[in-house]
Amino acid sequence: LAPIRAEGVVKQDTGYMSGITSSATRTDSDLIDVPQAISVVTRDLMDSQQNRTVADAVRNVAGVQYIDSADSLPSFQIRGFNPGNGMTDGMPNSIAALGDFPPLIGVARVEVLKGPEAILGDSIGNADFGGLINVVMKKPQSRPVHELSYSVGEYGDTQAGLDLAGPLGNSKELTYRLVLSGEYANRTAQGYRGQRSSYLAPSIGWQNATTKLIVGVERILNRLPIPDHTILLNGSLSSASPPGILVGNPSDHSTYQTSRFYYLLEHQLGDVWTFRSRGQYVRQSTNQQQWILSNPTPAGDVNATADVYRYTDAYYTLQNDITATFGHGLLTHTIVVGFDYSRSLIGSSDDVFSDFGGVPYNIFAGAPLPPARSVVQPANDDHVPGNPWSANSGLFLQDQIAVGEYGDVLLAWRRSAYELSTYDVDGNPWNLHKTQWVPSIGLVYKVTPDMALYGSTAKGFQPDTLLGKNGRPLAPALSRQIEAGTKFDLFQDHALLTVSWYRILVDRSYDLSSVQPPYFFIPGPGQTNKGIEVEFAGRIAPGLDITTSYTHARISNHDGTQPTGAPRQHFNLWASYGFQSAALRGWGVAGGVHARSRSLGQTTDDTYFDIPGQASVDANVSYRAKNWGAALGVKNLFGRNLLSDNFDETFVPLHNRRTFLLTGTYDF
């Protein structure tokens with residue numbers, strides 16, 4: 001018979017279900033073929049929930065927590081570990097974990113990759129023991145898009161955005177994308193001056209039969225008020241200060257600026273080989289001013305410290321790889337060989353205080369606190385000089401082996417070379433070059449084409465710049481994850497169910513200072529995290545989409561201490577229904593619940609306190625016509641007093657109100 005050429009069609013996100021990932025293996029892979037738990041938050045799900053930030057989106061994912069922090073940005077955890085800087089289109093989003101994710105108007109999907117990422121790596125050297133958050137941005141396309149979006153909330157909160165895409169002129173090869181948005185809010189519910197945000201992201205694409213190139217710019221400017229919060233006056237939730245008292249000054253806020261220049265290149269080298277390259281140059285700055293209230297007493301007495309913090313950095317990243325696919329009988333190999341390189345420049349930082357230790361103040365009787373910037377003392381500047389440019393690089397090799405229709409084998413190996421910029425015992429700058437080997441292996445066995453069993457093991461590491469007793473940097477922290485599970489394609493490939501079990505062992509978790517001079521550092525205790533995660537996403541009937549997740553996790557500190565901010569159970573459910581009858585066509589309803597069990601908080605003097613379990617209900621009603629759509633939603637429907645998973649007595653985020661949000665789009 002004459003040979004027949006078969007070309008695969010890349011699956012698209014459908015409703016809440018996605019069948020592919022391009023992040024976990026650096027190739028377009030079916031989720032059911034990857035021996036790893038991977039969660040995808042699709043554009044349809046983000047729109048249905050009226051999500052506005054990446055933190056809102058990842059609430060749907062099993063094993064993921066986000067915690068409000070005093071610097072206005074959420075702090076994420078995946079399987080009990082901080083996920084480092086996160087990724088934007090597979091490249092580092094930040095080098096100091098202070099980077100701001102882009103607004104969701106510019107985001108096509110959000111992927112959460114569970115476990116150490118041997119192939120992706122984190123070129124800046126963060127651990128990623130539990131996983132990574134990767135934000136996939138909208139790209140230039142030939143299909144025209146002309147969409148105006150808006151949202152209106154309380155206290156003057158207004159957001160408007162524009163998303164434009166299509167061919168440039170009459171060219172079939174040149175395309176573009178322009179996404180821009182702005183947000184303004186008068187104030188927060190507690191009285192802090194509101195948000196001022198802007199986003200601009202133009203990009204141009206060029207594509208022919210063998211080559212695809214995208215070049216773009218991204219500019220993010222966020223002025224975020226300090227989150228509404230109270231303080232614990234007696235170390236327990238019952239002693240929280242009244243929510244009507246503004247804890248600080250109305251001008252307390254953080255400002256984040258990010259400028260990103262990037263390119264994405266893909267070139268076909270014949271029928272077998274493909275060359276991919278991507279790179280970026282990023283500049284980021286942070287500017288914060290706020291009042292810190294410490295050592296609270298039942299009478300409302302505190303130590304008040306004005307704090308102004310400034311920080312800048314810059315870095316660039318280059319990622320290059322070659323992919324080849326070829327077969328030998330039952331075996332089909334997809335080989336990826338690549339090299340990553342990055343350089344980072346950490347600028348100087350200034351942390352200026354009004355008084356070290358604070359001044360006496362009473363939150364009930366004291367006069368309103370002035371703006372923090374007006375009372376800081378230049379003599380109290382904790383100045384840290386910037387470091388010279390430092391380099392990190394990595395070589396990696398991956399082989400995805402398809403064994404007929406029965407299963408897959410994933411072999412990955414990475415050699416990471418990194419530079420430690422530290423100081424010797426005399427305070428002189430000291431740069432050291434180190435290497436670390438990071439392997440992983442995974443197996444997939446397909447019981448049927450729609451049911452797969454998988455198992456994998458992977459290693460992770462995190463460099464340490466602190467000096468030990470011998471005056472040299474401590475060895476890196478090392479981890480190993482074992483994961484096993486099963487995946488099901490259901491409802492004729494319209495839904496995906498994933499059940500996974502994992503165990504992560506880290507040899508040490510943090511560093512401890514010796515109690516005697518010269519105050520060197522010693523490795524702290526390690527920890528073991530294990531749990532079960534269940535996720536389901538997809539369409540189970542015409543018009544009915546559901547996503548749900550359940551997590552049962554346990555953290556054990558090797559020194560016997562109790563883990564903080566670690567609820568045993570998390571549960572999320574969201575369902576939407578678009579009416580199918582002619583009379584109600586276009587109308588839809590949606591709703592869901594986010595719930596967790598109790599956790600432990602810890603005060604600054606190491607006293608534990610109980611954080612009770614909770615549940616929050618959200619709902620909305622929507623209408624979609626040919627060229628426009630709108631949704632009216634309510635968050636925290638029952639007005640519960642919602643708490644973060646973890647906090648101390650100086651910062652207790654406030655979420656005790658029912659809020660309303662109107663969102664909509666207009667296609668022109």
# chains A, B, ... in the order shown; residues from 1 in each chain; ligands from 1
call {"tool": "residues_around", "arguments": {"residues": "Pro385 in chain A", "least_positions_apart": "4", "cutoff": "8 Å", "atoms": "only C-alpha atoms", "output": "VMD selection string"}}
result
chain A and resid 347 to 349
call {"tool": "closest_atom_pairs", "arguments": {"of": "range 9-99 of chain A", "to": "range 270-288 of chain A", "cutoff": "12 Å", "atoms": "only C-alpha atoms", "output": "JSON lines"}}
result
{"residue": "A:Arg26", "atom": "CA", "partner": "A:Arg276", "partner_atom": "CA", "distance": 9.5}
{"residue": "A:Thr27", "atom": "CA", "partner": "A:Arg276", "partner_atom": "CA", "distance": 10.1}
{"residue": "A:Ala70", "atom": "CA", "partner": "A:Gln288", "partner_atom": "CA", "distance": 10.1}
{"residue": "A:Asp71", "atom": "CA", "partner": "A:Gln288", "partner_atom": "CA", "distance": 7.4}
{"residue": "A:Ser72", "atom": "CA", "partner": "A:Gln288", "partner_atom": "CA", "distance": 9.4}
{"residue": "A:Leu73", "atom": "CA", "partner": "A:Thr286", "partner_atom": "CA", "distance": 11.4}
{"residue": "A:Met87", "atom": "CA", "partner": "A:Gln280", "partner_atom": "CA", "distance": 11.9}
{"residue": "A:Thr88", "atom": "CA", "partner": "A:Gln280", "partner_atom": "CA", "distance": 10.2}
{"residue": "A:Asp89", "atom": "CA", "partner": "A:Arg278", "partner_atom": "CA", "distance": 9.2}
{"residue": "A:Gly90", "atom": "CA", "partner": "A:Arg278", "partner_atom": "CA", "distance": 9.0}
{"residue": "A:Met91", "atom": "CA", "partner": "A:Gly279", "partner_atom": "CA", "distance": 7.8}
{"residue": "A:Pro92", "atom": "CA", "partner": "A:Gln280", "partner_atom": "CA", "distance": 9.2}
{"residue": "A:Asn93", "atom": "CA", "partner": "A:Val282", "partner_atom": "CA", "distance": 8.7}
{"residue": "A:Ser94", "atom": "CA", "partner": "A:Gln284", "partner_atom": "CA", "distance": 8.0}
{"residue": "A:Ile95", "atom": "CA", "partner": "A:Gln284", "partner_atom": "CA", "distance": 9.3}
{"residue": "A:Ala96", "atom": "CA", "partner": "A:Gln284", "partner_atom": "CA", "distance": 9.7}
{"residue": "A:Ala97", "atom": "CA", "partner": "A:Gln284", "partner_atom": "CA", "distance": 11.1}
{"residue": "A:Leu98", "atom": "CA", "partner": "A:Thr286", "partner_atom": "CA", "distance": 7.7}
{"residue": "A:Gly99", "atom": "CA", "partner": "A:Gln284", "partner_atom": "CA", "distance": 7.2}
call {"tool": "residues_around", "arguments": {"residues": "Thr211 in chain A", "least_positions_apart": "5", "cutoff": "7 Å", "atoms": "only C-alpha atoms", "output": "list in words"}}
result
Glu266, His267 and Gln268 of chain A
call {"tool": "residues_around", "arguments": {"residues": "range 103-111 of chain A", "least_positions_apart": "2", "cutoff": "6 Å", "atoms": "only C-alpha atoms", "output": "PyMOL selection string"}}
result
chain A and resi 39-43+52-53+133-138
call {"tool": "residues_around", "arguments": {"residues": "Tyr666 in chain A", "least_positions_apart": "6", "cutoff": "10 Å", "atoms": "only C-alpha atoms", "output": "list in words"}}
result
His146, Glu147, Leu148, Ser149, Tyr150, Leu162, Ala625, Lys626, Asn627, Trp628, Gly629 and Ala630 of chain A
call {"tool": "select_by_dssp", "arguments": {"residues": "range 498-603 of chain A", "states": "strand (DSSP E or B)", "output": "PDB file with C-alpha atoms, in the first residue's frame"}}
result
ATOM      1  CA  THR A 498      -7.108  12.542  37.975  1.00  0.00           C
ATOM      2  CA  VAL A 499      -6.400  10.762  41.254  1.00  0.00           C
ATOM      3  CA  SER A 500      -2.860  11.068  42.608  1.00  0.00           C
ATOM      4  CA  TRP A 501      -0.861  10.119  45.691  1.00  0.00           C
ATOM      5  CA  TYR A 502       2.464  11.759  46.499  1.00  0.00           C
ATOM      6  CA  ARG A 503       5.213  11.766  49.102  1.00  0.00           C
ATOM      7  CA  ILE A 504       7.902  14.477  49.195  1.00  0.00           C
ATOM      8  CA  LEU A 505      10.932  14.153  51.456  1.00  0.00           C
ATOM      9  CA  VAL A 506      13.162  17.211  52.007  1.00  0.00           C
ATOM     10  CA  ASP A 511      18.579  27.370  58.367  1.00  0.00           C
ATOM     11  CA  LEU A 512      19.139  28.043  62.051  1.00  0.00           C
ATOM     12  CA  SER A 513      21.621  30.503  63.530  1.00  0.00           C
ATOM     13  CA  PHE A 521      24.294  28.913  60.259  1.00  0.00           C
ATOM     14  CA  ILE A 522      23.477  25.228  60.539  1.00  0.00           C
ATOM     15  CA  PRO A 523      21.023  23.134  58.495  1.00  0.00           C
ATOM     16  CA  GLN A 527      10.063  17.634  56.491  1.00  0.00           C
ATOM     17  CA  THR A 528       7.917  15.032  54.788  1.00  0.00           C
ATOM     18  CA  ASN A 529       4.773  16.011  52.898  1.00  0.00           C
ATOM     19  CA  LYS A 530       2.317  13.427  51.629  1.00  0.00           C
ATOM     20  CA  GLY A 531      -1.246  13.434  50.433  1.00  0.00           C
ATOM     21  CA  ILE A 532      -3.993  12.389  48.058  1.00  0.00           C
ATOM     22  CA  GLU A 533      -5.432  14.701  45.398  1.00  0.00           C
ATOM     23  CA  VAL A 534      -8.570  14.202  43.310  1.00  0.00           C
ATOM     24  CA  GLU A 535      -9.510  16.494  40.428  1.00  0.00           C
ATOM     25  CA  PHE A 536     -12.342  16.405  37.927  1.00  0.00           C
ATOM     26  CA  ALA A 537     -13.044  18.927  35.171  1.00  0.00           C
ATOM     27  CA  GLY A 538     -15.297  18.769  32.152  1.00  0.00           C
ATOM     28  CA  ARG A 539     -18.758  18.772  30.605  1.00  0.00           C
ATOM     29  CA  ILE A 540     -21.066  16.035  31.842  1.00  0.00           C
ATOM     30  CA  ALA A 541     -24.227  17.067  29.972  1.00  0.00           C
ATOM     31  CA  LEU A 544     -23.470  21.623  32.322  1.00  0.00           C
ATOM     32  CA  ASP A 545     -19.775  22.098  33.186  1.00  0.00           C
ATOM     33  CA  ILE A 546     -18.218  21.072  36.503  1.00  0.00           C
ATOM     34  CA  THR A 547     -14.813  21.344  38.107  1.00  0.00           C
ATOM     35  CA  THR A 548     -14.081  19.950  41.542  1.00  0.00           C
ATOM     36  CA  SER A 549     -11.032  19.030  43.581  1.00  0.00           C
ATOM     37  CA  TYR A 550     -10.292  17.425  46.918  1.00  0.00           C
ATOM     38  CA  THR A 551      -6.996  17.351  48.817  1.00  0.00           C
ATOM     39  CA  HIS A 552      -6.060  15.350  51.895  1.00  0.00           C
ATOM     40  CA  ALA A 553      -2.518  16.318  52.880  1.00  0.00           C
ATOM     41  CA  ARG A 554      -0.269  15.910  55.873  1.00  0.00           C
ATOM     42  CA  ILE A 555       3.023  17.627  56.719  1.00  0.00           C
ATOM     43  CA  SER A 556       5.462  16.151  59.235  1.00  0.00           C
ATOM     44  CA  ASN A 557       8.370  18.265  60.468  1.00  0.00           C
ATOM     45  CA  GLN A 569      -8.376  18.884  53.788  1.00  0.00           C
ATOM     46  CA  HIS A 570      -9.348  21.250  50.986  1.00  0.00           C
ATOM     47  CA  PHE A 571     -12.447  20.980  48.804  1.00  0.00           C
ATOM     48  CA  ASN A 572     -13.494  23.067  45.795  1.00  0.00           C
ATOM     49  CA  LEU A 573     -16.541  22.772  43.562  1.00  0.00           C
ATOM     50  CA  TRP A 574     -17.785  24.992  40.759  1.00  0.00           C
ATOM     51  CA  ALA A 575     -20.654  24.225  38.378  1.00  0.00           C
ATOM     52  CA  SER A 576     -22.255  26.274  35.633  1.00  0.00           C
ATOM     53  CA  TYR A 577     -25.292  25.619  33.498  1.00  0.00           C
ATOM     54  CA  GLY A 578     -26.269  27.320  30.264  1.00  0.00           C
ATOM     55  CA  TRP A 587     -28.969  32.703  30.163  1.00  0.00           C
ATOM     56  CA  GLY A 588     -26.761  30.835  32.594  1.00  0.00           C
ATOM     57  CA  VAL A 589     -26.274  30.275  36.301  1.00  0.00           C
ATOM     58  CA  ALA A 590     -23.157  29.215  38.185  1.00  0.00           C
ATOM     59  CA  GLY A 591     -22.068  28.642  41.736  1.00  0.00           C
ATOM     60  CA  GLY A 592     -19.599  26.853  43.927  1.00  0.00           C
ATOM     61  CA  VAL A 593     -17.972  26.378  47.294  1.00  0.00           C
ATOM     62  CA  HIS A 594     -14.411  26.596  48.609  1.00  0.00           C
ATOM     63  CA  ALA A 595     -13.854  24.819  51.925  1.00  0.00           C
ATOM     64  CA  ARG A 596     -10.995  23.695  54.148  1.00  0.00           C
ATOM     65  CA  SER A 599      -5.114  24.757  60.598  1.00  0.00           C
ATOM     66  CA  LEU A 600      -2.622  26.186  63.062  1.00  0.00           C
ATOM     67  CA  GLY A 601      -1.265  29.711  63.246  1.00  0.00           C
ATOM     68  CA  GLN A 602       1.790  30.804  65.186  1.00  0.00           C
TER      69      GLN A 602
END
call {"tool": "atom_distance", "arguments": {"atom1": "CA of Gln159 in chain A", "atom2": "CA of Thr255 in chain A"}}
result
17.9 Å
call {"tool": "closest_residue", "arguments": {"among": "A:Leu443, A:Ala160, A:Leu246, A:Ala372", "to": "Tyr192 in chain A", "atoms": "only C-alpha atoms"}}
result
A:Leu246
call {"tool": "closest_residue", "arguments": {"among": "A:Gly131, A:Pro74, A:Pro242, A:Gly357", "to": "Lys459 in chain A", "atoms": "only C-alpha atoms"}}
result
A:Gly131
